[in-house]
file query-v4.cif (mmCIF, C-alpha atoms)
data_structure
loop_
_atom_site.group_PDB
_atom_site.id
_atom_site.type_symbol
_atom_site.label_atom_id
_atom_site.label_comp_id
_atom_site.auth_asym_id
_atom_site.auth_seq_id
_atom_site.Cartn_x
_atom_site.Cartn_y
_atom_site.Cartn_z
ATOM 1 C CA MET A 24 186.876 125.859 245.236
ATOM 2 C CA ASP A 25 188.116 128.178 242.461
ATOM 3 C CA GLU A 26 188.899 125.117 240.366
ATOM 4 C CA ASN A 27 185.263 123.989 240.614
ATOM 5 C CA ILE A 28 184.048 127.402 239.437
ATOM 6 C CA PHE A 29 186.464 127.274 236.500
ATOM 7 C CA ASP A 30 185.230 123.780 235.573
ATOM 8 C CA LEU A 31 181.612 124.928 235.809
ATOM 9 C CA LEU A 32 182.323 127.903 233.534
ATOM 10 C CA ARG A 33 184.083 125.653 230.997
ATOM 11 C CA GLN A 34 181.142 123.259 231.135
ATOM 12 C CA GLU A 35 178.640 126.057 230.577
ATOM 13 C CA TYR A 36 180.725 127.388 227.690
ATOM 14 C CA PHE A 37 180.926 123.915 226.130
ATOM 15 C CA ASP A 38 177.160 123.457 226.460
ATOM 16 C CA SER A 39 176.565 126.913 225.015
ATOM 17 C CA LEU A 40 178.662 126.147 221.933
ATOM 18 C CA GLY A 41 177.220 122.653 221.534
ATOM 19 C CA ASN A 42 173.662 123.987 221.650
ATOM 20 C CA ASP A 43 174.158 126.918 219.261
ATOM 21 C CA TYR A 44 172.323 126.093 216.035
ATOM 22 C CA ASN A 45 174.242 128.821 214.191
ATOM 23 C CA LEU A 46 177.551 127.042 214.812
ATOM 24 C CA TRP A 47 176.126 123.744 213.541
ATOM 25 C CA THR A 48 174.698 125.550 210.491
ATOM 26 C CA HIS A 49 178.042 127.195 209.698
ATOM 27 C CA LYS A 50 179.882 123.889 210.087
ATOM 28 C CA SER A 51 177.367 122.377 207.661
ATOM 29 C CA PHE A 52 178.066 125.123 205.112
ATOM 30 C CA ALA A 53 181.837 124.604 205.478
ATOM 31 C CA LEU A 54 181.443 120.882 204.806
ATOM 32 C CA PHE A 55 179.221 121.531 201.761
ATOM 33 C CA ARG A 56 181.795 123.990 200.364
ATOM 34 C CA SER A 57 184.619 121.512 200.968
ATOM 35 C CA ALA A 58 182.716 118.761 199.151
ATOM 36 C CA LYS A 59 182.142 121.046 196.182
ATOM 37 C CA ALA A 60 185.832 122.007 196.101
ATOM 38 C CA ILE A 61 186.823 118.332 195.918
ATOM 39 C CA GLU A 62 184.273 117.679 193.172
ATOM 40 C CA SER A 63 185.543 120.651 191.222
ATOM 41 C CA ALA A 64 189.155 119.515 191.610
ATOM 42 C CA CYS A 65 188.541 115.965 190.377
ATOM 43 C CA GLY A 66 186.093 116.864 187.607
ATOM 44 C CA ARG A 67 184.177 114.372 185.499
ATOM 45 C CA ALA A 68 184.810 110.653 185.350
ATOM 46 C CA PRO A 69 187.940 109.735 183.406
ATOM 47 C CA ARG A 70 187.235 109.112 179.730
ATOM 48 C CA ASP A 71 189.736 106.276 179.555
ATOM 49 C CA GLN A 72 188.057 103.660 181.733
ATOM 50 C CA LYS A 73 190.990 101.324 181.027
ATOM 51 C CA ASP A 74 193.267 103.410 183.249
ATOM 52 C CA VAL A 75 192.281 101.566 186.422
ATOM 53 C CA GLN A 76 194.443 103.714 188.715
ATOM 54 C CA GLU A 77 192.900 106.940 187.430
ATOM 55 C CA VAL A 78 189.379 105.556 187.717
ATOM 56 C CA LEU A 79 189.995 104.320 191.281
ATOM 57 C CA GLU A 80 191.414 107.700 192.327
ATOM 58 C CA TRP A 81 188.384 109.451 190.855
ATOM 59 C CA VAL A 82 185.998 107.065 192.662
ATOM 60 C CA GLU A 83 187.839 107.604 195.968
ATOM 61 C CA MET A 84 187.748 111.405 195.608
ATOM 62 C CA HIS A 85 184.028 111.369 194.892
ATOM 63 C CA GLY A 86 183.488 109.035 197.843
ATOM 64 C CA VAL A 87 185.195 111.554 200.104
ATOM 65 C CA SER A 88 183.101 114.338 198.597
ATOM 66 C CA ARG A 89 179.904 112.393 199.323
ATOM 67 C CA MET A 90 181.126 111.674 202.835
ATOM 68 C CA LEU A 91 181.562 115.416 203.432
ATOM 69 C CA ARG A 92 178.120 116.130 201.997
ATOM 70 C CA GLY A 93 176.628 113.505 204.282
ATOM 71 C CA MET A 94 178.413 114.980 207.282
ATOM 72 C CA ALA A 95 177.121 118.404 206.253
ATOM 73 C CA PHE A 96 173.570 117.032 206.371
ATOM 74 C CA GLU A 97 174.282 115.524 209.764
ATOM 75 C CA CYS A 98 175.258 118.988 211.034
ATOM 76 C CA LEU A 99 172.244 120.536 209.317
ATOM 77 C CA PHE A 100 169.858 118.100 211.041
ATOM 78 C CA LYS A 101 171.504 118.872 214.368
ATOM 79 C CA ALA A 102 171.123 122.599 213.675
ATOM 80 C CA LEU A 103 167.424 122.043 212.977
ATOM 81 C CA TRP A 104 167.084 120.000 216.170
ATOM 82 C CA LEU A 105 168.535 122.924 218.122
ATOM 83 C CA ALA A 106 166.587 125.599 216.225
ATOM 84 C CA TYR A 107 163.352 123.863 217.182
ATOM 85 C CA GLY A 108 164.041 123.506 220.894
ATOM 86 C CA GLY A 109 166.332 120.494 221.260
ATOM 87 C CA THR A 110 169.705 120.253 222.972
ATOM 88 C CA LEU A 111 172.839 118.364 222.004
ATOM 89 C CA ALA A 112 175.192 119.177 224.873
ATOM 90 C CA ASP A 113 174.506 118.919 228.582
ATOM 91 C CA LYS A 114 176.781 119.060 231.614
ATOM 92 C CA GLY A 115 179.908 119.288 229.489
ATOM 93 C CA LYS A 116 179.151 116.304 227.236
ATOM 94 C CA TYR A 117 177.823 115.881 223.738
ATOM 95 C CA ARG A 118 174.577 113.884 224.024
ATOM 96 C CA GLY A 119 173.288 113.852 220.461
ATOM 97 C CA ILE A 120 169.674 113.625 219.381
ATOM 98 C CA PRO A 121 167.919 111.162 221.690
ATOM 99 C CA GLY A 122 166.827 108.033 219.875
ATOM 100 C CA ALA A 123 168.733 108.870 216.681
ATOM 101 C CA ARG A 124 171.838 107.114 215.449
ATOM 102 C CA ASP A 125 174.701 109.449 214.577
ATOM 103 C CA HIS A 126 175.803 109.178 210.943
ATOM 104 C CA ASP A 127 172.424 107.647 209.980
ATOM 105 C CA LEU A 128 170.737 110.531 208.193
ATOM 106 C CA CYS A 129 167.343 108.830 207.966
ATOM 107 C CA SER A 130 167.358 108.259 211.714
ATOM 108 C CA LEU A 131 168.354 111.887 212.361
ATOM 109 C CA GLU A 132 165.763 113.228 209.911
ATOM 110 C CA GLY A 133 163.082 111.087 211.556
ATOM 111 C CA LYS A 134 163.772 112.559 214.988
ATOM 112 C CA VAL A 135 163.985 116.116 213.639
ATOM 113 C CA ALA A 136 160.687 115.554 211.774
ATOM 114 C CA GLU A 137 159.036 114.940 215.153
ATOM 115 C CA ARG A 138 159.689 118.638 215.885
ATOM 116 C CA VAL A 139 159.379 120.239 212.450
ATOM 117 C CA ASN A 140 158.008 118.999 209.136
ATOM 118 C CA THR A 141 161.089 118.609 206.962
ATOM 119 C CA GLY A 142 158.932 118.128 203.878
ATOM 120 C CA LEU A 143 161.194 115.377 202.538
ATOM 121 C CA ASN A 144 159.693 112.756 200.262
ATOM 122 C CA SER A 145 160.660 109.089 199.959
ATOM 123 C CA LYS A 146 163.048 109.721 197.051
ATOM 124 C CA GLU A 147 164.882 112.342 199.098
ATOM 125 C CA ARG A 148 165.024 110.042 202.133
ATOM 126 C CA ARG A 149 166.513 107.255 199.995
ATOM 127 C CA LEU A 150 169.194 109.700 198.923
ATOM 128 C CA LEU A 151 169.932 110.414 202.602
ATOM 129 C CA ALA A 152 170.312 106.674 203.233
ATOM 130 C CA ARG A 153 172.867 106.493 200.450
ATOM 131 C CA LEU A 154 174.758 109.471 201.857
ATOM 132 C CA SER A 155 174.780 107.721 205.240
ATOM 133 C CA PHE A 156 176.638 104.885 203.555
ATOM 134 C CA PHE A 157 179.359 107.347 202.529
ATOM 135 C CA ILE A 158 179.580 108.895 206.021
ATOM 136 C CA MET A 159 180.068 105.510 207.603
ATOM 137 C CA TYR A 160 182.359 103.977 205.005
ATOM 138 C CA GLY A 161 183.972 106.941 203.263
ATOM 139 C CA ARG A 162 186.608 107.326 205.946
ATOM 140 C CA TYR A 163 187.951 103.842 206.472
ATOM 141 C CA PRO A 164 188.408 100.754 204.301
ATOM 142 C CA ILE A 165 186.473 98.572 206.759
ATOM 143 C CA ARG A 166 183.832 98.877 209.464
ATOM 144 C CA LYS A 167 184.738 98.585 213.140
ATOM 145 C CA SER A 168 183.523 95.003 213.117
ATOM 146 C CA MET A 169 181.917 92.552 210.727
ATOM 147 C CA SER A 170 178.676 92.751 212.667
ATOM 148 C CA GLU A 171 178.443 96.539 212.626
ATOM 149 C CA GLN A 172 175.192 97.545 211.042
ATOM 150 C CA TYR A 173 175.076 99.202 207.650
ATOM 151 C CA PRO A 174 172.802 102.255 207.435
ATOM 152 C CA SER A 175 169.247 101.268 206.689
ATOM 153 C CA ALA A 176 167.061 102.438 203.859
ATOM 154 C CA PRO A 177 164.088 104.611 204.888
ATOM 155 C CA ASP A 178 160.896 102.716 205.669
ATOM 156 C CA SER A 179 162.784 99.437 205.398
ATOM 157 C CA ASP A 180 164.929 97.119 207.440
ATOM 158 C CA LYS A 181 167.048 96.419 204.384
ATOM 159 C CA PRO A 182 170.579 97.776 204.731
ATOM 160 C CA VAL A 183 172.301 99.963 202.159
ATOM 161 C CA TYR A 184 175.468 98.097 201.150
ATOM 162 C CA TRP A 185 176.637 99.973 198.119
ATOM 163 C CA CYS A 186 175.402 102.785 195.982
ATOM 164 C CA ARG A 187 176.115 104.537 192.749
ATOM 165 C CA TRP A 188 175.617 108.233 192.182
ATOM 166 C CA THR A 189 174.056 110.066 189.231
ATOM 167 C CA PRO A 190 173.734 113.697 188.116
ATOM 168 C CA GLU A 191 170.041 113.451 189.065
ATOM 169 C CA ASP A 192 171.146 112.632 192.610
ATOM 170 C CA ASP A 193 173.161 115.868 192.683
ATOM 171 C CA ARG A 194 170.077 117.825 191.584
ATOM 172 C CA VAL A 195 167.890 116.224 194.264
ATOM 173 C CA LEU A 196 170.611 116.789 196.847
ATOM 174 C CA GLU A 197 170.607 120.525 196.075
ATOM 175 C CA GLU A 198 166.823 120.624 196.513
ATOM 176 C CA VAL A 199 167.042 118.866 199.885
ATOM 177 C CA THR A 200 169.817 121.206 201.007
ATOM 178 C CA ASN A 201 167.763 124.272 200.086
ATOM 179 C CA LYS A 202 164.625 122.875 201.761
ATOM 180 C CA LEU A 203 166.395 122.227 205.053
ATOM 181 C CA GLN A 204 168.300 125.496 205.043
ATOM 182 C CA GLN A 205 165.010 127.370 204.582
ATOM 183 C CA LEU A 206 163.633 125.686 207.711
ATOM 184 C CA ILE A 207 166.515 127.077 209.744
ATOM 185 C CA LYS A 208 165.918 130.603 208.424
ATOM 186 C CA LYS A 209 162.282 130.602 209.624
#
call {"tool": "encode", "arguments": {"input": "query-v4.cif", "output": "structure tokens"}}
result
Amino acid sequence: MDENIFDLLRQEYFDSLGNDYNLWTHKSFALFRSAKAIESACGRAPRDQKDVQEVLEWVEMHGVSRMLRGMAFECLFKALWLAYGGTLADKGKYRGIPGARDHDLCSLEGKVAERVNTGLNSKERRLLARLSFFIMYGRYPIRKSMSEQYPSAPDSDKPVYWCRWTPEDDRVLEEVTNKLQQLIKK
């Protein structure tokens, strides 16, 4: 009997942590800071594009940085979901946002937008689709299977296979970050 009470308390504690939007927000901030630290450490693209090893290392580091930024947005969308009445954990299990695909930022934003107007435009959503690419493929050299779906572009069935990144993308990314963080503060 005492064991059942202990399990119930652990379950309630798990659910409490999993449904605390502040924890998801703080995790998002930690991931954003980590991405910026990596970007700062690897600096600008190598001037000598003939040094293939140096260029590849730089590309890999920036890929990891984008992956962390994408994961930060994933946490931020989950924080918004919770802040506006949703749940993520129930009965000791992580459940996620119903109807949304984890790691697919456009899917997550779409479900969150059903609860609160995120104010994102199509350019910003396309940027999220590109970040989703990095979340899904920034960790491993291959997908789980050949048939695993690539993240899709917003308002399209066309998958995002590859993407480049520009300084303008960084500027837009900062705007999106600020927009979403303001929604949590309301």
call {"tool": "resolve_selection", "arguments": {"input": "query-v4.cif", "expression": "the PyMOL selection byres ((chain A and resi 192-195) around 12)", "output": "number ranges by chain"}}
result
A: 58-59, 62, 85, 88-89, 92, 143-151, 153-154, 186-191, 196-202
call {"tool": "resolve_selection", "arguments": {"input": "query-v4.cif", "expression": "the PyMOL selection byres ((chain A and resi 41-44) around 12)", "output": "VMD selection string"}}
result
chain A and resid 34 to 40 45 to 51 98 to 120 204 207 to 208
call {"tool": "atom_distance", "arguments": {"input": "query-v4.cif", "atom1": "atom CA of Asp125 of chain A", "atom2": "atom CA of Gln205 of chain A"}}
result
22.7 Å
call {"tool": "closest_residue", "arguments": {"input": "query-v4.cif", "among": "A:Val87, A:Leu31, A:Leu54, A:Val82", "to": "Arg67 of chain A", "atoms": "all atoms listed in the file"}}
result
A:Val82
call {"tool": "atom_distance", "arguments": {"input": "query-v4.cif", "atom1": "atom CA of Cys65 of chain A", "atom2": "atom CA of His126 of chain A"}}
result
25.1 Å
call {"tool": "atom_distance", "arguments": {"input": "query-v4.cif", "atom1": "atom CA of Pro121 of chain A", "atom2": "atom CA of Ile158 of chain A"}}
result
19.7 Å
call {"tool": "closest_residue", "arguments": {"input": "query-v4.cif", "among": "A:Leu128, A:Leu206, A:Tyr163, A:Ala123", "to": "Thr141 of chain A", "atoms": "only C-alpha atoms"}}
result
A:Leu206
call {"tool": "closest_residue", "arguments": {"input": "query-v4.cif", "among": "A:Glu80, A:Glu132, A:Asp30, A:Asp127", "to": "Gly66 of chain A", "atoms": "all atoms listed in the file"}}
result
A:Glu80
call {"tool": "closest_residue", "arguments": {"input": "query-v4.cif", "among": "A:Ala60, A:Ile165, A:Val139, A:Ala152", "to": "Leu203 of chain A", "atoms": "all atoms listed in the file"}}
result
A:Val139
call {"tool": "closest_residue", "arguments": {"input": "query-v4.cif", "among": "A:Met90, A:Ala95, A:Val135, A:Ile28", "to": "Gly161 of chain A", "atoms": "only C-alpha atoms"}}
result
A:Met90
